[in-house]
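*Asks:* My structure is in target_3.cif, and what it holds is mmCIF, C-alpha atoms:
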```
data_protein
#
loop_
_atom_site.label_atom_id
_atom_site.label_comp_id
_atom_site.auth_asym_id
_atom_site.auth_seq_id
_atom_site.Cartn_x
_atom_site.Cartn_y
_atom_site.Cartn_z
CA MET A 21 -29.01 14.53 -47.43
CA PHE A 22 -26.20 13.67 -49.83
CA GLY A 23 -23.12 14.55 -47.76
CA ASN A 24 -20.11 12.23 -47.87
CA ARG A 25 -18.20 13.13 -44.71
CA GLY A 26 -16.86 10.29 -42.61
CA ALA A 27 -18.55 9.37 -39.33
CA SER A 28 -15.70 10.82 -37.24
CA GLN A 29 -16.02 14.18 -39.01
CA VAL A 30 -19.77 14.24 -38.49
CA LEU A 31 -19.37 13.49 -34.79
CA THR A 32 -16.75 16.22 -34.49
CA LEU A 33 -19.10 18.71 -36.12
CA LEU A 34 -21.98 17.67 -33.86
CA ALA A 35 -19.84 18.02 -30.77
CA ALA A 36 -18.68 21.46 -31.87
CA THR A 37 -22.27 22.46 -32.55
CA LEU A 38 -23.39 21.40 -29.08
CA ILE A 39 -20.51 23.22 -27.40
CA CYS A 40 -21.13 26.43 -29.36
CA ALA A 41 -24.92 26.39 -29.44
CA GLY A 42 -25.30 28.72 -26.49
CA GLN A 43 -22.69 31.08 -27.88
CA ALA A 44 -24.29 31.04 -31.36
CA LEU A 45 -27.63 32.16 -29.97
CA ALA A 46 -26.10 34.67 -27.56
CA GLN A 47 -26.22 37.42 -30.20
CA THR A 48 -28.55 37.99 -33.11
CA SER A 49 -27.15 37.70 -36.61
CA LEU A 50 -28.63 38.20 -40.08
CA LYS A 51 -27.00 36.28 -42.94
CA VAL A 52 -27.18 36.08 -46.73
CA VAL A 53 -26.86 32.43 -47.77
CA SER A 54 -24.71 32.26 -50.90
CA ALA A 55 -26.05 30.56 -54.02
CA THR A 56 -24.77 29.29 -57.37
CA GLY A 57 -26.28 29.58 -60.82
CA ALA A 58 -25.43 29.77 -64.50
CA ALA A 59 -25.37 32.95 -66.58
CA GLY A 60 -28.82 33.59 -68.03
CA SER A 61 -30.60 31.62 -65.30
CA ASP A 62 -32.47 32.50 -62.11
CA VAL A 63 -30.88 32.07 -58.70
CA THR A 64 -32.51 32.41 -55.28
CA VAL A 65 -30.60 33.61 -52.22
CA LYS A 66 -31.95 33.28 -48.70
CA VAL A 67 -31.64 35.67 -45.79
CA THR A 68 -31.66 33.84 -42.46
CA VAL A 69 -31.56 34.98 -38.86
CA THR A 70 -30.08 33.35 -35.76
CA SER A 71 -31.31 34.75 -32.45
CA ASP A 72 -32.27 33.85 -28.91
CA LYS A 73 -35.20 36.28 -29.15
CA ASN A 74 -38.50 36.28 -31.04
CA ILE A 75 -38.44 38.93 -33.75
CA SER A 76 -41.65 40.84 -34.51
CA GLY A 77 -40.22 43.42 -36.88
CA ALA A 78 -37.42 43.30 -39.44
CA GLU A 79 -36.20 45.90 -41.88
CA PHE A 80 -33.03 45.81 -44.01
CA GLN A 81 -31.58 46.49 -47.42
CA MET A 82 -29.93 44.07 -49.87
CA SER A 83 -27.44 45.55 -52.33
CA PHE A 84 -26.25 43.87 -55.53
CA ASP A 85 -24.49 44.67 -58.80
CA LYS A 86 -27.22 45.73 -61.24
CA SER A 87 -24.88 45.17 -64.19
CA LYS A 88 -24.74 41.47 -63.32
CA LEU A 89 -28.00 40.68 -61.50
CA THR A 90 -31.59 41.70 -62.16
CA PHE A 91 -34.06 41.55 -59.27
CA LYS A 92 -37.03 39.33 -60.13
CA GLN A 93 -39.02 38.42 -57.02
CA ALA A 94 -38.96 38.38 -53.24
CA ALA A 95 -41.03 36.08 -51.02
CA LYS A 96 -41.37 35.52 -47.29
CA GLY A 97 -39.27 32.70 -45.85
CA SER A 98 -40.77 29.83 -43.88
CA ALA A 99 -40.01 31.47 -40.51
CA ALA A 100 -41.81 34.67 -41.56
CA ALA A 101 -44.74 33.04 -43.38
CA SER A 102 -47.37 34.64 -41.12
CA MET A 103 -45.81 38.12 -41.05
CA PHE A 104 -46.82 41.03 -43.24
CA MET A 105 -44.38 42.08 -45.99
CA THR A 106 -44.96 45.03 -48.27
CA ASP A 107 -44.92 43.64 -51.80
CA PRO A 108 -41.36 44.04 -53.15
CA THR A 109 -41.93 42.31 -56.49
CA VAL A 110 -42.26 45.44 -58.66
CA PRO A 111 -38.79 46.89 -59.41
CA THR A 112 -39.70 50.60 -59.20
CA VAL A 113 -38.83 53.47 -56.90
CA GLY A 114 -40.49 53.33 -53.48
CA ASP A 115 -40.43 51.69 -50.08
CA GLN A 116 -39.74 47.95 -50.03
CA THR A 117 -38.87 47.98 -53.74
CA VAL A 118 -35.70 48.36 -55.75
CA SER A 119 -34.30 51.87 -55.37
CA ALA A 120 -33.77 54.39 -58.16
CA ASP A 121 -30.46 52.88 -59.20
CA SER A 122 -32.03 49.37 -59.29
CA SER A 123 -29.24 47.98 -57.15
CA LYS A 124 -30.77 48.01 -53.67
CA LEU A 125 -33.78 46.05 -52.45
CA TYR A 126 -35.70 47.28 -49.39
CA ILE A 127 -37.33 44.57 -47.25
CA GLN A 128 -39.74 45.19 -44.39
CA LEU A 129 -41.58 42.53 -42.37
CA ILE A 130 -43.82 42.98 -39.36
CA ASP A 131 -45.84 40.72 -37.09
CA SER A 132 -48.96 42.87 -37.38
CA THR A 133 -51.07 40.56 -35.18
CA GLN A 134 -48.38 40.23 -32.48
CA THR A 135 -48.97 36.47 -32.52
CA HIS A 136 -46.63 35.06 -35.19
CA PRO A 137 -43.10 36.47 -34.87
CA ILE A 138 -39.96 34.91 -36.28
CA ALA A 139 -39.27 32.40 -33.52
CA SER A 140 -35.89 32.28 -31.81
CA GLY A 141 -33.51 29.69 -33.18
CA THR A 142 -30.70 29.04 -35.63
CA ASP A 143 -30.80 29.92 -39.34
CA ARG A 144 -34.49 30.84 -39.45
CA GLU A 145 -35.50 31.56 -43.06
CA VAL A 146 -36.61 35.21 -43.30
CA VAL A 147 -36.88 36.01 -47.01
CA LEU A 148 -36.14 34.44 -50.41
CA VAL A 149 -34.90 36.80 -53.11
CA THR A 150 -34.70 35.66 -56.74
CA PHE A 151 -32.36 37.30 -59.24
CA THR A 152 -31.76 36.64 -62.93
CA ILE A 153 -28.04 36.38 -63.69
CA LYS A 154 -27.35 38.39 -66.82
CA SER A 155 -25.86 36.68 -69.87
CA GLY A 156 -22.08 36.71 -70.09
CA VAL A 157 -21.53 37.17 -66.34
CA THR A 158 -18.72 35.16 -64.72
CA GLY A 159 -17.15 34.93 -61.27
CA SER A 160 -18.88 35.96 -58.04
CA VAL A 161 -21.34 38.77 -57.38
CA PRO A 162 -21.54 40.10 -53.77
CA VAL A 163 -24.96 40.43 -52.14
CA THR A 164 -24.68 42.59 -49.04
CA LEU A 165 -26.86 43.71 -46.14
CA SER A 166 -27.21 47.18 -44.64
CA GLY A 167 -29.66 49.30 -42.68
CA VAL A 168 -30.68 46.41 -40.44
CA SER A 169 -33.37 47.15 -37.86
CA LEU A 170 -34.89 44.35 -35.78
CA SER A 171 -37.39 44.63 -32.93
CA ASP A 172 -39.28 42.45 -30.45
CA ALA A 173 -43.02 42.39 -29.71
CA ALA A 174 -42.71 45.42 -27.44
CA GLY A 175 -40.98 47.40 -30.16
CA ALA A 176 -37.61 47.27 -28.40
CA SER A 177 -34.62 47.26 -30.71
CA ILE A 178 -32.60 44.05 -31.12
CA SER A 179 -28.97 44.62 -32.07
CA ALA A 180 -27.65 42.32 -34.79
CA THR A 181 -24.51 41.52 -36.74
CA THR A 182 -24.62 40.76 -40.45
CA THR A 183 -22.92 38.30 -42.79
CA ASP A 184 -22.87 39.07 -46.51
CA GLY A 185 -23.09 36.46 -49.23
CA GLU A 186 -22.54 36.11 -52.95
CA VAL A 187 -23.91 34.62 -56.14
CA THR A 188 -21.31 32.40 -57.77
CA VAL A 189 -21.76 32.11 -61.52
CA GLY A 190 -20.85 28.69 -62.90
CA SER A 191 -20.59 27.58 -66.50
CA GLY A 192 -21.59 23.97 -66.99
CA VAL A 193 -24.07 22.51 -64.50
CA ASP A 194 -25.37 19.00 -63.93
CA ILE A 195 -29.08 19.88 -63.96
CA GLN A 196 -30.86 22.90 -65.42
CA LEU A 197 -34.37 23.39 -64.02
CA SER A 198 -36.92 25.73 -65.58
CA VAL A 199 -40.56 26.71 -65.11
CA THR A 200 -42.74 26.96 -68.21
CA ASP A 201 -44.89 30.04 -68.81
CA GLY A 202 -48.67 30.14 -68.57
CA ARG A 203 -51.43 32.52 -69.62
CA GLY A 204 -55.09 33.08 -68.83
CA PRO A 205 -57.70 35.61 -67.71
CA ALA A 206 -58.60 36.21 -64.07
CA GLY A 207 -60.72 33.36 -62.72
CA SER A 208 -59.29 30.74 -65.07
CA ASP A 209 -56.92 27.83 -64.41
CA VAL A 210 -53.40 27.75 -65.75
CA THR A 211 -50.77 25.00 -65.58
CA VAL A 212 -47.00 25.44 -65.41
CA LYS A 213 -44.43 22.66 -65.55
CA VAL A 214 -41.03 22.23 -63.94
CA MET A 215 -38.73 20.89 -66.65
CA ALA A 216 -35.12 19.67 -66.48
CA ASP A 217 -32.19 19.40 -68.83
CA VAL A 218 -30.11 16.65 -67.20
CA ASN A 219 -26.39 16.28 -67.91
CA ARG A 220 -25.71 13.93 -64.99
CA GLU A 221 -28.13 11.29 -63.71
CA ALA A 222 -29.76 12.10 -60.36
CA VAL A 223 -31.41 9.85 -57.79
CA GLY A 224 -32.73 12.63 -55.58
CA LEU A 225 -34.17 16.09 -56.11
CA ASN A 226 -35.95 18.68 -54.02
CA PHE A 227 -37.08 22.23 -54.76
CA GLY A 228 -39.54 24.92 -53.77
CA LEU A 229 -41.92 26.66 -56.17
CA VAL A 230 -42.58 30.28 -55.13
CA PHE A 231 -45.65 32.21 -56.35
CA ASP A 232 -47.68 35.32 -55.52
CA LYS A 233 -50.51 34.01 -53.35
CA ASN A 234 -52.42 37.28 -53.81
CA LYS A 235 -52.79 36.54 -57.52
CA LEU A 236 -52.48 32.76 -57.82
CA THR A 237 -54.06 29.91 -55.83
CA LEU A 238 -52.50 26.47 -56.15
CA LYS A 239 -55.19 23.99 -57.17
CA SER A 240 -53.42 20.71 -57.86
CA VAL A 241 -50.02 19.04 -58.17
CA ALA A 242 -49.25 16.26 -60.65
CA ARG A 243 -46.11 14.20 -60.99
CA GLY A 244 -44.25 14.42 -64.31
CA ALA A 245 -43.37 11.39 -66.41
CA ALA A 246 -39.62 11.89 -65.90
CA ALA A 247 -39.65 12.47 -62.13
CA PRO A 248 -37.39 10.16 -60.12
CA GLY A 249 -38.58 7.89 -57.34
CA VAL A 250 -41.82 6.11 -56.55
CA ASP A 251 -45.16 7.65 -55.67
CA SER A 252 -45.18 6.36 -52.10
CA LEU A 253 -42.05 8.38 -51.34
CA ASP A 254 -43.32 11.65 -52.79
CA ILE A 255 -43.78 14.18 -50.01
CA TYR A 256 -44.88 17.72 -50.69
CA THR A 257 -46.28 20.59 -48.71
CA ASP A 258 -50.01 20.43 -48.07
CA ILE A 259 -51.72 22.58 -50.72
CA ALA A 260 -53.56 24.66 -48.12
CA ALA A 261 -50.27 25.38 -46.34
CA ALA A 262 -48.61 26.19 -49.67
CA ASN A 263 -51.31 28.73 -50.51
CA ALA A 264 -50.91 30.33 -47.08
CA ALA A 265 -47.15 30.67 -47.60
CA GLY A 266 -46.99 31.29 -51.35
CA LYS A 267 -44.57 28.41 -51.71
CA ILE A 268 -44.78 24.64 -52.18
CA GLU A 269 -41.93 22.24 -51.38
CA VAL A 270 -41.37 19.02 -53.33
CA TRP A 271 -39.03 16.15 -52.41
CA LEU A 272 -38.25 13.20 -54.68
CA LEU A 273 -36.04 10.18 -54.09
CA ASP A 274 -35.25 7.11 -56.21
CA TYR A 275 -35.32 4.71 -53.30
CA PHE A 276 -34.43 1.70 -55.48
CA PHE A 277 -31.36 3.24 -57.19
CA GLY A 278 -29.17 0.61 -58.82
CA GLN A 279 -31.87 -2.07 -58.54
CA THR A 280 -34.51 -3.46 -60.87
CA GLY A 281 -37.35 -0.98 -61.04
CA ALA A 282 -35.12 2.01 -60.32
CA ASN A 283 -36.37 5.29 -61.77
CA PRO A 284 -33.67 7.97 -61.58
CA LEU A 285 -33.79 11.36 -63.24
CA LYS A 286 -32.05 10.27 -66.45
CA VAL A 287 -29.75 12.24 -68.73
CA GLY A 288 -31.62 14.08 -71.47
CA LYS A 289 -33.34 17.29 -72.46
CA SER A 290 -36.76 18.68 -71.53
CA LYS A 291 -37.56 16.15 -68.80
CA GLU A 292 -40.98 16.81 -67.25
CA ILE A 293 -40.65 16.74 -63.45
CA TYR A 294 -43.90 18.17 -62.06
CA LYS A 295 -47.04 20.02 -63.15
CA PHE A 296 -48.68 22.68 -60.99
CA THR A 297 -52.17 23.98 -61.77
CA PHE A 298 -53.11 27.41 -60.40
CA THR A 299 -56.37 29.31 -60.41
CA ILE A 300 -55.80 32.95 -61.28
CA ASN A 301 -57.60 34.82 -58.52
CA SER A 302 -60.77 36.65 -59.50
CA GLY A 303 -60.14 40.37 -59.73
CA ALA A 304 -56.40 39.95 -60.31
CA GLU A 305 -55.18 42.75 -62.56
CA ASP A 306 -53.77 41.97 -65.98
CA GLY A 307 -49.99 41.64 -65.97
CA GLU A 308 -47.13 39.23 -65.39
CA VAL A 309 -46.70 37.11 -62.24
CA PRO A 310 -43.29 35.45 -61.69
CA VAL A 311 -43.23 31.79 -60.61
CA THR A 312 -39.73 30.90 -59.44
CA LEU A 313 -37.70 28.03 -57.97
CA SER A 314 -35.84 28.02 -54.66
CA GLY A 315 -34.11 25.65 -52.23
CA ILE A 316 -32.92 23.33 -54.99
CA GLU A 317 -30.83 20.28 -54.11
CA ALA A 318 -29.95 17.35 -56.36
CA GLY A 319 -27.89 14.26 -55.60
CA ALA A 320 -26.45 11.18 -57.27
CA ILE A 321 -24.90 7.86 -56.25
CA GLU A 322 -21.61 7.32 -58.07
CA GLY A 323 -19.14 4.56 -57.28
CA GLY A 324 -21.07 3.75 -54.13
CA GLU A 325 -20.68 7.33 -52.85
CA SER A 326 -23.32 10.04 -52.58
CA VAL A 327 -22.52 13.35 -54.27
CA LEU A 328 -24.27 16.70 -54.61
CA LEU A 329 -24.96 17.87 -58.17
CA THR A 330 -24.67 21.41 -59.48
CA TYR A 331 -27.73 23.14 -60.91
CA SER A 332 -29.17 26.29 -62.40
CA SER A 333 -32.78 27.46 -62.53
CA LEU A 334 -34.95 29.69 -64.65
CA GLY A 335 -38.35 30.87 -63.45
CA GLY A 336 -41.49 31.25 -65.49
CA ILE A 337 -44.20 33.87 -65.94
CA VAL A 338 -47.97 33.56 -65.61
CA THR A 339 -49.47 36.28 -67.77
CA ILE A 340 -52.90 37.41 -66.57
CA GLY A 341 -55.20 38.70 -69.29
CA GLY A 342 -56.53 37.98 -72.74
CA ALA A 343 -59.86 36.89 -74.14
CA PRO A 344 -60.99 33.24 -74.03
CA GLY A 345 -60.12 31.71 -77.38
CA ASP A 346 -56.97 33.78 -77.91
CA VAL A 347 -54.89 30.64 -77.47
CA ASP A 348 -51.63 32.14 -78.71
CA GLY A 349 -52.15 35.32 -76.65
CA ASN A 350 -51.44 37.75 -79.48
CA GLY A 351 -54.51 39.86 -78.74
CA LYS A 352 -56.73 38.73 -81.61
CA LEU A 353 -58.86 35.74 -82.57
CA ASP A 354 -57.85 34.09 -85.82
CA VAL A 355 -57.19 30.75 -87.52
CA PHE A 356 -53.90 30.37 -85.62
CA ASP A 357 -55.87 30.14 -82.36
CA LEU A 358 -57.95 27.38 -83.96
CA LEU A 359 -54.79 25.50 -84.91
CA GLY A 360 -53.40 26.03 -81.42
CA LEU A 361 -56.55 24.66 -79.79
CA LEU A 362 -56.42 21.60 -82.06
CA LYS A 363 -52.85 21.00 -80.83
CA VAL A 364 -54.03 21.31 -77.23
CA LEU A 365 -56.82 18.80 -77.78
CA SER A 366 -54.42 16.35 -79.46
CA GLY A 367 -51.93 16.63 -76.59
CA ALA A 368 -49.22 18.21 -78.75
CA GLN A 369 -49.42 21.52 -76.87
CA VAL A 370 -50.17 22.45 -73.26
CA GLY A 371 -53.44 24.31 -72.80
CA ASN A 372 -53.88 27.49 -70.80
CA GLY A 373 -56.73 29.56 -69.40
CA LEU A 374 -57.40 31.05 -72.82
CA SER A 375 -57.98 27.57 -74.26
CA ASP A 376 -61.08 27.14 -72.08
CA VAL A 377 -63.24 29.06 -74.52
CA ASP A 378 -66.62 28.25 -72.95
CA GLY A 379 -65.30 28.85 -69.40
CA ASN A 380 -66.52 25.59 -67.88
CA GLY A 381 -63.18 24.74 -66.26
CA LYS A 382 -62.05 22.11 -68.75
CA ILE A 383 -60.70 21.99 -72.30
CA ASP A 384 -62.62 19.73 -74.66
CA ILE A 385 -64.39 19.54 -78.04
CA PHE A 386 -67.00 22.05 -76.87
CA ASP A 387 -64.26 24.70 -76.64
CA LEU A 388 -63.44 24.01 -80.28
CA LEU A 389 -67.09 24.52 -81.21
CA ALA A 390 -67.25 27.72 -79.15
CA LEU A 391 -64.15 29.08 -80.89
CA LEU A 392 -65.57 28.23 -84.32
CA LYS A 393 -68.69 30.23 -83.41
CA LYS A 394 -66.52 33.21 -82.33
CA LEU A 395 -64.52 33.07 -85.55
CA SER A 396 -67.72 32.93 -87.63
CA GLY A 397 -69.08 35.99 -85.84
CA ASN A 398 -71.84 34.17 -83.93
#
```
As a first step, turn the structure in this file into structure tokens.

*Replies:*
Amino acid sequence: MFGNRGASQVLTLLAATLICAGQALAQTSLKVVSATGAAGSDVTVKVTVTSDKNISGAEFQMSFDKSKLTFKQAAKGSAAASMFMTDPTVPTVGDQTVSADSSKLYIQLIDSTQTHPIASGTDREVVLVTFTIKSGVTGSVPVTLSGVSLSDAAGASISATTTDGEVTVGSGVDIQLSVTDGRGPAGSDVTVKVMADVNREAVGLNFGLVFDKNKLTLKSVARGAAAPGVDSLDIYTDIAAANAAGKIEVWLLDYFFGQTGANPLKVGKSKEIYKFTFTINSGAEDGEVPVTLSGIEAGAIEGGESVLLTYSSLGGIVTIGGAPGDVDGNGKLDVFDLLGLLKVLSGAQVGNGLSDVDGNGKIDIFDLLALLKKLSGN
């Protein structure tokens, strides 16, 4: 999208791709796509597969340095969206979870219906794994594959080669993206924002927001005040498709960069990019649900040339639980919840599911009255 290779180089690459396409698909290969992030931030690495066969079953292990990376979340990739994956999001001992030494992640996917395998092709996205880079880490951290077992619809084994990747830890980055936290009881709505600290102006940005579809249902998407581009050029995944996959993709582009009316992502702190409202699924158990970023790309136009910008990301947490009215989530109703609700109603603070005291799906003056009644013992 923002490459700056000359036309002759692009043509050379295309020609090489066409010549080698048959060879590339002649054998199956599983690859870790390397990623870059800053110490203290989240980083998402992809595992992709290239094969001339449809894959109905996939099992493998990802190893990493637990002193430098902490496993946070794993989600199915776009090519495996309709497959079954045992939930690997809880870092405890057991199948498809982090092993006892917390340095090996077990992944297992299967086409249980025998109708939606990973289709043959090049660089099909199998799984997205999010790590938090520990503070103080520098250099590169290997992420390796082992124990690979692939099979077709008949259960026949498919031999595969592997390519390992790494997480490169950078210091200063051009854009730091983060997801705000949210809180609410099961059945309530909660809104999280994607925010940006921008050190270098951007004219284009795209990212994916990954969530646990078994606990959260995406309800609406709203554009932030600082987002680049114009509304007519906003394209994002259909909400129904996002809920089926547990991931929504957002693309933004300042089509009029350098002209009157341009609206780039400007330098500054705490820039609001997008707001995502989820409904916490009824019956969801109390606990924390990670909401993370993946597939980030940012670009700028400088000196008439397009350049890719560096970035880091930090995911957020939706905490399920609490009693309506406990706005600050400290487990008790008191005057501080009243002050918090007043801030929400004035627009100085973002509301959450606990702010909807009367449970009618919206936060208004009637919630303030309901909280006053609770505090007075009525």

*Asks:* Specify as a list of chain:residue names each residue included when the PyMOL selection byres ((chain A and resi 187) around 8) is applied to this file.

*Replies:*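 For this structure, the PyMOL selection byres ((chain A and resi 187) around 8) captures A:Ser54, A:Ala55, A:Thr56, A:Gly57, A:Val63, A:Val65, A:Ser160, A:Val161, A:Pro162, A:Val163, A:Gly185, A:Glu186, A:Thr188, A:Val189.
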
*Asks:* Kindly provide, as AutoDock Vina command-line options, the centre and edge lengths (Å, one decimal) of an axis-aligned box around all atoms of range 329-344 of chain A given in the file, with 8 Å on each side.

*Replies:*
```
--center_x -42.8 --center_y 28.3 --center_z -66.2 --size_x 52.3 --size_y 36.8 --size_z 32.0
```

*Asks:* Taking only C-alpha atoms into account, name the residue in A:Leu225, A:Asp378, A:Ile321, A:Gly204 that is nearest to Asn301 in chain A.

*Replies:*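 Looking at the shortest contact to Asn301 in chain A, the residue is A:Gly204.
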
*Asks:* Using the chain letters and numbers from this file, what does the PyMOL selection byres ((chain A and resi 320) around 8) select? Give the answer as a short mmCIF file (atom, residue, chain, number, x, y, z; two decimals) with C-alpha atoms, in the frame of the given file.

*Replies:*
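Once everything was written out, this is out_37.cif:
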```cif
data_model
loop_
_atom_site.label_atom_id
_atom_site.label_comp_id
_atom_site.auth_asym_id
_atom_site.auth_seq_id
_atom_site.Cartn_x
_atom_site.Cartn_y
_atom_site.Cartn_z
CA PHE A 22 -26.20 13.67 -49.83
CA GLU A 221 -28.13 11.29 -63.71
CA ALA A 222 -29.76 12.10 -60.36
CA VAL A 223 -31.41 9.85 -57.79
CA GLY A 224 -32.73 12.63 -55.58
CA ALA A 318 -29.95 17.35 -56.36
CA GLY A 319 -27.89 14.26 -55.60
CA ILE A 321 -24.90 7.86 -56.25
CA GLU A 322 -21.61 7.32 -58.07
CA SER A 326 -23.32 10.04 -52.58
CA VAL A 327 -22.52 13.35 -54.27
CA LEU A 328 -24.27 16.70 -54.61
CA LEU A 329 -24.96 17.87 -58.17
#
```

*Asks:* Would you list the contacts of Val270 in chain A as a PyMOL selection string, taking every protein, DNA or RNA residue within 12 Å and counting all atoms listed in the file, but skipping same-chain residues closer than 4 positions in sequence?

*Replies:* chain A and resi 214+224-230+241-243+247-248+253-259+262+293-296+313-318

*Asks:* Just the residues within 9 Å of Leu236 in chain A, please, counting all atoms listed in the file, with nothing from its chain fewer than 4 positions along; format it as a PyMOL selection string.

*Replies:* chain A and resi 231-232+263+266+298-301+304+309

*Asks:* Can I get the selected residues back with C-alpha atoms, as a PDB file, in the coordinates of the input?

*Replies:*
```pdb
ATOM      1  CA  PHE A 231     -45.650  32.210 -56.350  1.00  0.00           C
ATOM      2  CA  ASP A 232     -47.680  35.320 -55.520  1.00  0.00           C
ATOM      3  CA  ASN A 263     -51.310  28.730 -50.510  1.00  0.00           C
ATOM      4  CA  GLY A 266     -46.990  31.290 -51.350  1.00  0.00           C
ATOM      5  CA  PHE A 298     -53.110  27.410 -60.400  1.00  0.00           C
ATOM      6  CA  THR A 299     -56.370  29.310 -60.410  1.00  0.00           C
ATOM      7  CA  ILE A 300     -55.800  32.950 -61.280  1.00  0.00           C
ATOM      8  CA  ASN A 301     -57.600  34.820 -58.520  1.00  0.00           C
ATOM      9  CA  ALA A 304     -56.400  39.950 -60.310  1.00  0.00           C
ATOM     10  CA  VAL A 309     -46.700  37.110 -62.240  1.00  0.00           C
TER      11      VAL A 309
END
```

*Asks:* Compile the contact shell of Phe80 in chain A as a ChimeraX atom specification: residues with an atom at most 10 Å away, counting all atoms listed in the file, same-chain residues fewer than 6 positions apart removed.

*Replies:* /A:50,116,125-129,165-170

*Asks:* Keeping only C-alpha atoms, write the selected residues to a file as a JSON list (two decimals), keeping the file's coordinate frame.

*Replies:*
```json
[["chain", "number", "residue", "atom", "x", "y", "z"],
["A", 50, "LEU", "CA", -28.63, 38.20, -40.08],
["A", 116, "GLN", "CA", -39.74, 47.95, -50.03],
["A", 125, "LEU", "CA", -33.78, 46.05, -52.45],
["A", 126, "TYR", "CA", -35.70, 47.28, -49.39],
["A", 127, "ILE", "CA", -37.33, 44.57, -47.25],
["A", 128, "GLN", "CA", -39.74, 45.19, -44.39],
["A", 129, "LEU", "CA", -41.58, 42.53, -42.37],
["A", 165, "LEU", "CA", -26.86, 43.71, -46.14],
["A", 166, "SER", "CA", -27.21, 47.18, -44.64],
["A", 167, "GLY", "CA", -29.66, 49.30, -42.68],
["A", 168, "VAL", "CA", -30.68, 46.41, -40.44],
["A", 169, "SER", "CA", -33.37, 47.15, -37.86],
["A", 170, "LEU", "CA", -34.89, 44.35, -35.78]]
```

*Asks:* Using only C-alpha atoms, determine which residues lie at most 7 Å from Val67 in chain A, disregarding the query and same-chain residues fewer than 3 positions distant; provide the list as JSON, numbers by chain.

*Replies:* {"A": [50, 51, 52, 53, 145, 146, 147, 148]}

*Asks:* Work out how far CA of Gln93 in chain A is from CA of Ala206 in chain A, in Å to one decimal.

*Replies:*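 Value for the CA of Ala206 in chain A-CA of Gln93 in chain A distance: 20.9 Å.
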
*Asks:* Check the smallest atom-to-atom distance from each of A:Glu305, A:Asp62, A:Asp209, A:Asp354 to Ser240 in chain A using only C-alpha atoms, then report the winner.

*Replies:* A:Asp209

*Asks:* One decimal, Å: what's the distance from CA of Leu389 in chain A over to CA of Thr211 in chain A, could you say?

*Replies:*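 Pair CA of Leu389 in chain A / CA of Thr211 in chain A returns 22.6 Å.
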
*Asks:* Smallest atom-to-atom distance to Val149 in chain A: which of A:Lys124, A:Lys286, A:Lys92, A:Lys363, using all atoms listed in the file?

*Replies:*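 Answer, going by the shortest atom-to-atom distance: A:Lys92.
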
*Asks:* Just how far from CA of Val377 in chain A is CA of Ala390 in chain A, in Å to one decimal?

*Replies:*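 Spanning CA of Ala390 in chain A to CA of Val377 in chain A is a straight-line distance of 6.3 Å.
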
*Asks:* So, with all atoms listed in the file as the atoms that count, which of A:Ser76, A:Asn283, A:Ser87, A:Thr237 lies closest to Ile153 in chain A?

*Replies:*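 Ranked by minimum distance to Ile153 in chain A, first place goes to A:Ser87.
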
*Asks:* Which of these, A:Thr297, A:Ser49, A:Asn74, A:Thr106, has the shortest distance to Gly202 in chain A once you count all atoms listed in the file?

*Replies:*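 Closest to Gly202 in chain A, using all atoms listed in the file: A:Thr297.
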
*Asks:* Using all atoms listed in the file, which protein or nucleic acid residues come within 7 Å of range 331-337 of chain A? Drop anything in the same chain fewer than 3 positions from it, and give the result as a PyMOL selection string.

*Replies:* chain A and resi 57-58+61-63+193-202+308-313
